[in-house]
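Quick look at upload.txt (compact mmCIF, C-alpha atoms):
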```txt
# COMPACT_ATOMS: atom_id res chain seq x y z
CA MET X 67 -46.96 2.88 40.63
CA PRO X 68 -43.20 2.66 41.27
CA LEU X 69 -41.88 -0.70 42.45
CA SER X 70 -39.85 -1.09 45.57
CA ASP X 71 -36.37 -2.51 45.18
CA ALA X 72 -37.56 -5.83 46.63
CA GLU X 73 -40.52 -6.04 44.25
CA ALA X 74 -38.38 -5.17 41.24
CA ARG X 75 -35.86 -7.84 42.23
CA ARG X 76 -38.64 -10.42 42.65
CA LEU X 77 -40.10 -9.68 39.21
CA TYR X 78 -36.65 -9.76 37.62
CA ASP X 79 -35.83 -13.09 39.24
CA GLN X 80 -39.14 -14.55 38.04
CA ALA X 81 -38.53 -13.38 34.49
CA ALA X 82 -34.95 -14.69 34.54
CA LEU X 83 -36.07 -18.15 35.64
CA MET X 84 -38.79 -18.21 32.97
CA ALA X 85 -36.14 -17.35 30.38
CA CYS X 86 -33.81 -20.04 31.81
CA ILE X 87 -31.14 -17.42 32.41
CA GLY X 88 -28.93 -16.64 35.35
CA ALA X 89 -26.13 -14.28 36.36
CA TRP X 90 -22.66 -15.35 37.44
CA GLU X 91 -19.43 -13.88 38.72
CA CYS X 92 -15.93 -15.30 39.21
CA ARG X 93 -13.46 -13.59 41.53
CA LEU X 94 -10.07 -13.94 39.84
CA ALA X 95 -7.96 -13.85 42.99
CA ASP X 96 -9.29 -17.24 44.16
CA THR X 97 -11.72 -18.30 41.32
CA ARG X 98 -14.62 -18.14 43.75
CA LEU X 99 -17.94 -18.45 41.89
CA SER X 100 -21.20 -16.66 42.67
CA TRP X 101 -24.40 -17.75 40.88
CA THR X 102 -28.08 -16.89 40.80
CA ASP X 103 -30.64 -19.72 40.92
CA GLY X 104 -30.99 -20.02 37.15
CA ILE X 105 -27.43 -21.26 36.72
CA TYR X 106 -27.77 -23.89 39.42
CA ASP X 107 -30.83 -25.13 37.52
CA LEU X 108 -28.96 -25.07 34.23
CA PHE X 109 -26.24 -27.39 35.53
CA GLY X 110 -28.69 -29.57 37.46
CA LEU X 111 -27.31 -28.58 40.86
CA GLN X 112 -29.16 -27.90 44.09
CA ARG X 113 -29.62 -24.17 44.51
CA GLY X 114 -27.10 -22.67 46.88
CA CYS X 115 -24.87 -25.74 47.10
CA ALA X 116 -21.09 -25.38 47.29
CA ILE X 117 -19.48 -24.99 43.85
CA ASN X 118 -15.92 -24.71 42.59
CA ARG X 119 -14.71 -23.71 39.17
CA ARG X 120 -12.69 -26.84 38.45
CA SER X 121 -15.64 -29.23 38.86
CA ILE X 122 -17.97 -26.96 36.87
CA VAL X 123 -15.55 -26.64 33.97
CA GLU X 124 -15.45 -30.45 33.77
CA LEU X 125 -19.15 -30.37 32.83
CA TYR X 126 -18.30 -28.63 29.54
CA HIS X 127 -17.75 -30.76 26.43
CA ASP X 128 -14.09 -30.80 25.44
CA GLU X 129 -14.42 -28.51 22.43
CA SER X 130 -16.60 -26.02 24.29
CA ARG X 131 -14.28 -26.08 27.28
CA ALA X 132 -11.24 -25.31 25.14
CA GLU X 133 -13.01 -22.43 23.39
CA MET X 134 -14.33 -21.02 26.67
CA GLU X 135 -10.87 -21.09 28.27
CA ARG X 136 -9.36 -19.37 25.21
CA LEU X 137 -11.95 -16.58 25.28
CA ARG X 138 -11.67 -16.26 29.07
CA SER X 139 -7.91 -15.76 28.87
CA ARG X 140 -8.36 -13.15 26.16
CA LEU X 141 -11.00 -11.39 28.25
CA ILE X 142 -8.70 -11.19 31.27
CA THR X 143 -5.66 -9.96 29.33
CA SER X 144 -7.32 -7.63 26.82
CA GLY X 145 -10.69 -6.78 28.33
CA GLN X 146 -12.52 -8.01 25.21
CA GLY X 147 -15.89 -9.46 26.21
CA PHE X 148 -17.45 -12.42 24.46
CA VAL X 149 -20.59 -14.42 23.83
CA MET X 150 -20.41 -18.12 22.93
CA ASP X 151 -22.66 -21.17 22.73
CA ALA X 152 -21.31 -24.09 24.76
CA ARG X 153 -22.31 -27.74 25.11
CA ILE X 154 -22.52 -28.97 28.68
CA CYS X 155 -23.58 -32.12 30.49
CA THR X 156 -25.55 -31.70 33.71
CA THR X 157 -24.64 -33.59 36.88
CA ALA X 158 -27.50 -35.98 36.00
CA GLY X 159 -26.05 -36.65 32.54
CA ALA X 160 -28.47 -34.53 30.47
CA GLU X 161 -27.02 -32.85 27.38
CA ARG X 162 -27.66 -29.11 27.16
CA TRP X 163 -26.64 -26.06 25.16
CA MET X 164 -25.80 -22.87 27.05
CA ARG X 165 -25.25 -19.31 25.82
CA LEU X 166 -22.45 -17.78 27.85
CA SER X 167 -21.72 -14.05 27.93
CA ALA X 168 -18.82 -12.54 29.83
CA SER X 169 -17.29 -9.18 30.73
CA VAL X 170 -14.56 -8.06 33.10
CA THR X 171 -14.31 -5.53 35.96
CA HIS X 172 -10.97 -3.92 36.80
CA GLU X 173 -9.80 -2.65 40.15
CA HIS X 174 -6.68 -0.54 40.52
CA GLY X 175 -5.87 -1.13 36.87
CA ARG X 176 -6.02 -4.92 37.08
CA ALA X 177 -8.71 -7.47 36.15
CA ALA X 178 -10.46 -8.38 39.40
CA ARG X 179 -13.72 -10.13 38.46
CA ILE X 180 -15.31 -11.60 35.36
CA HIS X 181 -19.08 -11.81 35.18
CA GLY X 182 -22.01 -12.23 32.86
CA ALA X 183 -24.99 -14.44 32.09
CA LYS X 184 -25.65 -18.07 31.20
CA GLN X 185 -28.84 -19.13 29.45
CA ASP X 186 -30.24 -22.55 28.58
CA ILE X 187 -30.72 -22.51 24.78
CA THR X 188 -31.20 -26.27 24.29
CA GLY X 189 -34.70 -25.75 22.85
CA GLU X 190 -33.40 -23.14 20.39
CA LYS X 191 -30.59 -25.43 19.25
CA ASP X 192 -33.02 -28.33 18.80
CA MET X 193 -35.31 -26.12 16.71
CA TRP X 194 -32.49 -25.02 14.40
CA LEU X 195 -31.23 -28.58 14.11
CA GLY X 196 -34.71 -29.66 13.07
CA LEU X 197 -34.88 -26.90 10.46
CA ARG X 198 -31.46 -27.89 9.15
CA ARG X 199 -32.60 -31.49 8.80
CA LEU X 200 -35.61 -30.31 6.82
CA ALA X 201 -33.40 -28.19 4.56
CA TYR X 202 -30.85 -30.92 3.88
CA SER X 203 -32.87 -34.14 3.89
CA ASP X 204 -35.15 -35.84 1.38
CA PRO X 205 -38.66 -36.14 2.85
CA LEU X 206 -39.51 -39.37 1.01
CA THR X 207 -36.46 -41.47 1.88
CA GLY X 208 -34.96 -39.68 4.88
CA LEU X 209 -31.58 -39.57 3.11
CA ALA X 210 -29.58 -36.43 2.52
CA ASN X 211 -30.95 -34.39 -0.38
CA ARG X 212 -29.26 -32.94 -3.45
CA ARG X 213 -28.27 -29.74 -1.66
CA ALA X 214 -26.47 -31.69 1.06
CA PHE X 215 -24.78 -33.87 -1.56
CA GLU X 216 -23.56 -30.82 -3.46
CA MET X 217 -22.06 -29.40 -0.28
CA GLN X 218 -20.26 -32.66 0.48
CA LEU X 219 -19.13 -33.04 -3.12
CA SER X 220 -17.63 -29.54 -3.12
CA ASP X 221 -15.08 -30.66 -0.53
CA LEU X 222 -13.90 -34.00 -1.93
CA ARG X 223 -10.41 -33.49 -0.55
CA ARG X 224 -11.76 -34.03 2.93
CA HIS X 225 -12.59 -37.63 2.00
CA THR X 226 -9.48 -38.43 -0.04
CA GLY X 227 -6.71 -36.46 1.62
CA ASP X 228 -5.37 -39.53 3.47
CA SER X 229 -2.40 -40.72 1.43
CA SER X 230 -3.46 -44.35 1.86
CA ALA X 231 -7.20 -43.98 1.25
CA LEU X 232 -8.94 -44.22 -2.08
CA GLY X 233 -12.33 -42.66 -2.58
CA LEU X 234 -15.18 -43.53 -4.89
CA LEU X 235 -18.04 -41.40 -6.18
CA ALA X 236 -21.04 -43.37 -7.46
CA ILE X 237 -24.43 -42.57 -8.95
CA VAL X 238 -27.17 -45.18 -8.51
CA ASP X 239 -30.20 -45.14 -10.81
CA LEU X 240 -33.33 -47.20 -10.06
CA ASP X 241 -34.13 -49.10 -13.26
CA ASN X 242 -37.60 -48.83 -14.79
CA LEU X 243 -39.21 -46.61 -12.17
CA LYS X 244 -41.58 -45.08 -14.73
CA PRO X 245 -43.10 -48.45 -15.75
CA ILE X 246 -43.63 -49.25 -12.06
CA ASN X 247 -45.41 -45.92 -11.55
CA ASP X 248 -47.48 -46.43 -14.70
CA ARG X 249 -48.48 -49.98 -13.82
CA LEU X 250 -48.95 -49.82 -10.05
CA GLY X 251 -49.15 -46.12 -9.24
CA HIS X 252 -46.80 -43.62 -7.66
CA ALA X 253 -47.33 -45.05 -4.18
CA ALA X 254 -45.68 -48.25 -5.36
CA GLY X 255 -42.84 -46.31 -6.96
CA ASP X 256 -42.35 -44.34 -3.76
CA GLU X 257 -42.11 -47.55 -1.75
CA CYS X 258 -39.46 -48.84 -4.15
CA LEU X 259 -37.46 -45.64 -3.66
CA ARG X 260 -37.72 -45.96 0.12
CA GLN X 261 -36.56 -49.57 -0.03
CA ILE X 262 -33.62 -48.67 -2.28
CA ALA X 263 -32.63 -45.94 0.19
CA MET X 264 -32.77 -48.31 3.18
CA ARG X 265 -30.78 -50.98 1.36
CA LEU X 266 -28.09 -48.49 0.37
CA GLU X 267 -27.80 -47.32 3.97
CA SER X 268 -27.58 -50.90 5.22
CA ALA X 269 -25.06 -52.10 2.62
CA LEU X 270 -22.90 -48.95 2.73
CA SER X 271 -23.30 -47.82 6.32
CA ASP X 272 -19.78 -46.34 6.39
CA ALA X 273 -20.33 -44.09 3.35
CA ALA X 274 -19.41 -40.44 3.82
CA ILE X 275 -22.82 -39.57 2.39
CA ILE X 276 -25.73 -41.27 0.64
CA ALA X 277 -28.22 -38.87 -0.91
CA ARG X 278 -31.23 -38.85 -3.16
CA ILE X 279 -30.16 -36.41 -5.87
CA GLY X 280 -33.02 -36.81 -8.37
CA GLY X 281 -36.31 -38.56 -8.93
CA ASP X 282 -34.82 -42.05 -9.25
CA GLU X 283 -31.13 -41.29 -8.67
CA PHE X 284 -28.92 -41.54 -5.62
CA GLY X 285 -25.38 -40.28 -5.09
CA LEU X 286 -22.81 -41.61 -2.64
CA LEU X 287 -19.20 -41.19 -1.56
CA LEU X 288 -17.08 -44.05 -0.21
CA CYS X 289 -13.56 -43.98 1.17
CA SER X 290 -11.32 -46.87 2.20
CA ALA X 291 -7.64 -47.62 2.69
CA ALA X 292 -8.33 -51.14 1.38
CA GLY X 293 -8.11 -49.96 -2.23
CA ARG X 294 -10.00 -50.13 -5.49
CA PRO X 295 -10.94 -53.88 -5.50
CA TYR X 296 -12.52 -53.51 -2.07
CA LEU X 297 -14.50 -50.41 -3.07
CA LEU X 298 -15.84 -52.13 -6.18
CA HIS X 299 -16.71 -55.22 -4.15
CA ARG X 300 -18.73 -53.04 -1.79
CA LEU X 301 -20.64 -51.58 -4.73
CA GLU X 302 -21.30 -55.07 -6.10
CA GLN X 303 -22.66 -56.13 -2.72
CA ALA X 304 -24.90 -53.06 -2.63
CA GLN X 305 -26.13 -53.74 -6.16
CA ALA X 306 -27.04 -57.32 -5.20
CA ALA X 307 -29.08 -55.99 -2.29
CA LEU X 308 -30.82 -53.49 -4.55
CA SER X 309 -31.94 -56.24 -6.93
CA ARG X 310 -34.08 -58.03 -4.34
CA PRO X 311 -37.84 -57.75 -5.06
CA VAL X 312 -39.93 -55.23 -3.11
CA ALA X 313 -43.09 -56.47 -1.40
CA TRP X 314 -45.95 -54.00 -1.68
CA ARG X 315 -49.63 -54.57 -0.84
CA GLY X 316 -49.51 -58.25 -1.64
CA THR X 317 -47.57 -57.65 -4.85
CA THR X 318 -43.94 -58.48 -5.57
CA ILE X 319 -42.20 -55.74 -7.52
CA GLU X 320 -39.03 -56.66 -9.37
CA VAL X 321 -36.43 -53.92 -8.96
CA SER X 322 -32.81 -53.37 -9.90
CA ALA X 323 -30.36 -50.51 -10.17
CA SER X 324 -27.65 -49.37 -12.55
CA ILE X 325 -24.50 -47.87 -11.05
CA GLY X 326 -21.83 -45.61 -12.52
CA ALA X 327 -18.74 -44.78 -10.49
CA THR X 328 -15.39 -43.04 -10.66
CA ILE X 329 -12.32 -43.54 -8.48
CA LEU X 330 -11.07 -40.57 -6.43
CA ARG X 331 -7.31 -40.79 -6.15
CA PRO X 332 -5.85 -40.02 -2.71
CA GLY X 333 -4.07 -36.78 -1.95
CA LEU X 334 -5.60 -34.84 -4.83
CA LEU X 335 -7.89 -31.81 -4.85
CA HIS X 336 -10.60 -33.04 -7.21
CA ASP X 337 -12.84 -30.95 -9.45
CA PRO X 338 -16.33 -31.89 -8.19
CA GLU X 339 -18.08 -31.21 -11.49
CA ARG X 340 -15.52 -33.22 -13.43
CA ARG X 341 -15.75 -36.19 -11.08
CA PHE X 342 -19.54 -36.13 -11.09
CA ALA X 343 -19.47 -36.02 -14.89
CA GLU X 344 -17.22 -39.10 -14.91
CA ALA X 345 -19.59 -41.05 -12.66
CA ASP X 346 -22.54 -39.87 -14.74
CA SER X 347 -20.78 -41.02 -17.91
CA ALA X 348 -20.18 -44.45 -16.38
CA LEU X 349 -23.87 -44.59 -15.41
CA TYR X 350 -24.88 -43.83 -18.97
CA VAL X 351 -22.73 -46.74 -20.20
CA ALA X 352 -24.17 -49.02 -17.50
CA LYS X 353 -27.74 -48.25 -18.52
CA ALA X 354 -26.90 -48.69 -22.20
CA ALA X 355 -25.58 -52.17 -21.38
CA GLY X 356 -28.90 -53.19 -19.85
CA ARG X 357 -30.50 -53.00 -16.41
CA ASN X 358 -28.71 -54.02 -13.24
CA CYS X 359 -25.21 -53.15 -14.50
CA LEU X 360 -22.20 -51.57 -12.79
CA ARG X 361 -19.60 -49.59 -14.72
CA LEU X 362 -16.48 -47.78 -13.58
CA PHE X 363 -15.22 -44.73 -15.44
CA GLY X 364 -11.99 -45.51 -17.23
CA ASP X 365 -12.40 -49.29 -17.40
CA PRO X 366 -10.76 -50.53 -20.63
CA VAL X 367 -14.01 -51.73 -22.18
CA GLU X 368 -15.70 -48.40 -21.59
CA VAL X 369 -12.86 -45.88 -21.67
CA ALA X 370 -13.35 -44.64 -25.24
CA GLY X 371 -17.02 -43.89 -24.74
CA ASP X 372 -16.44 -42.37 -21.30
CA VAL X 373 -13.75 -39.96 -22.46
CA ALA X 374 -15.73 -38.92 -25.50
CA MET X 375 -18.82 -38.12 -23.45
CA VAL X 376 -17.01 -36.17 -20.74
CA SER X 377 -14.94 -34.26 -23.30
CA ALA X 378 -18.08 -33.40 -25.24
CA GLY X 379 -19.57 -31.86 -22.10
CA GLU X 380 -22.78 -33.87 -22.39
CA MET X 381 -22.97 -34.75 -18.72
CA ARG X 382 -25.36 -33.37 -16.16
CA VAL X 383 -23.34 -31.85 -13.35
CA VAL X 384 -24.26 -31.17 -9.77
```
Write the structure described by the file as structure tokens, please.
Amino acid sequence: MPLSDAEARRLYDQAALMACIGAWECRLADTRLSWTDGIYDLFGLQRGCAINRRSIVELYHDESRAEMERLRSRLITSGQGFVMDARICTTAGAERWMRLSASVTHEHGRAARIHGAKQDITGEKDMWLGLRRLAYSDPLTGLANRRAFEMQLSDLRRHTGDSSALGLLAIVDLDNLKPINDRLGHAAGDECLRQIAMRLESALSDAAIIARIGGDEFGLLLCSAAGRPYLLHRLEQAQAALSRPVAWRGTTIEVSASIGATILRPGLLHDPERRFAEADSALYVAKAAGRNCLRLFGDPVEVAGDVAMVSAGEMRVV
């Protein structure tokens, strides 16, 4: 049977509140706002309370506020509607994501009112963030995975563009993981990998990225204005932390790691594959020298072997 106008409005309002959505309007002559209940709820305000545009705009995060104001101005001048996702903070301090849509109504040839909808999409954003974490993180260690490392490595200039800041790309290889797996089982090997990951994060907490890029290999990017000696000192400190034994089910497991690194000169647009090959070459030399060694690509003792290997194209590249 047909619904009366009142019944249709009641059902619509119920559905809108279930969908966490509300309608809004702003009168341009005096910026007076009109809201339905869903928007009061979204901002954590008492339904029907007095509102003014200036105080509401302050609840937007800076970046979202700037983008909203830009799109609003364009809407008023050109009539081009928009939809955007904005970060807001409720009056109680809760962080939320809101999908804002807007259109304009003209009267006598001039923009008179802008209006649209606002919807709470915090749950949707959280879901996508969770999926992104799954796609770009290593499930065993919780570090970034190889895909995330490749993405970061493809934009090295972002880490070395500061004219005073040197960067460093390093590959860390857990020594003798296979014998540990063979002797104590893969559960023991997995615990060693987790411990190595935690120690890297603790020792190099300011790294641009630390990732597990292979079975027993980790990649990392460091950047510092303090220069090459400082960067190498940081790696030496990390290597010392990695060489501490791992306690596992009443057993002490001796562990260590070999590290190969290459310096990223400031102000240059680096070739990611080339730089990774250099670090990989240095790692090869470190492992050939024995376990628990650190080698830097281009060091005088190693330079002949490094250059030969990179030139021969024998390196694995990301």
Atom CA of Gln146 of chain X to atom CA of Ile87 of chain X, distance in Å rounded to a single decimal: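 If I compute the distance from atom CA of Gln146 of chain X to atom CA of Ile87 of chain X, I get 22.1 Å.
Compared by their closest atoms to Tyr296 of chain X, and using all atoms listed in the file, the residues X:Leu234, X:Ala254, X:Tyr350, X:Gly281 rank with X:Leu234 nearest.
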Close residues, Arg315 of chain X itself excluded, 12 Å, only C-alpha atoms, min 6 positions apart in chain, as a ChimeraX atom specification: /X:250-251,253-254,257
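Nearest to Ile329 of chain X of all the residues X:Ala354, X:Leu235, X:Ala292, X:Leu308 is X:Leu235, based on all atoms listed in the file.
Rounded to one decimal, atom CA of Ala307 of chain X and atom CA of Pro295 of chain X lie 18.5 Å from each other.
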Atom CA of Arg278 of chain X to atom CA of Ile262 of chain X, distance in Å rounded to a single decimal: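 For atom CA of Arg278 of chain X relative to atom CA of Ile262 of chain X, the distance reads 10.1 Å.
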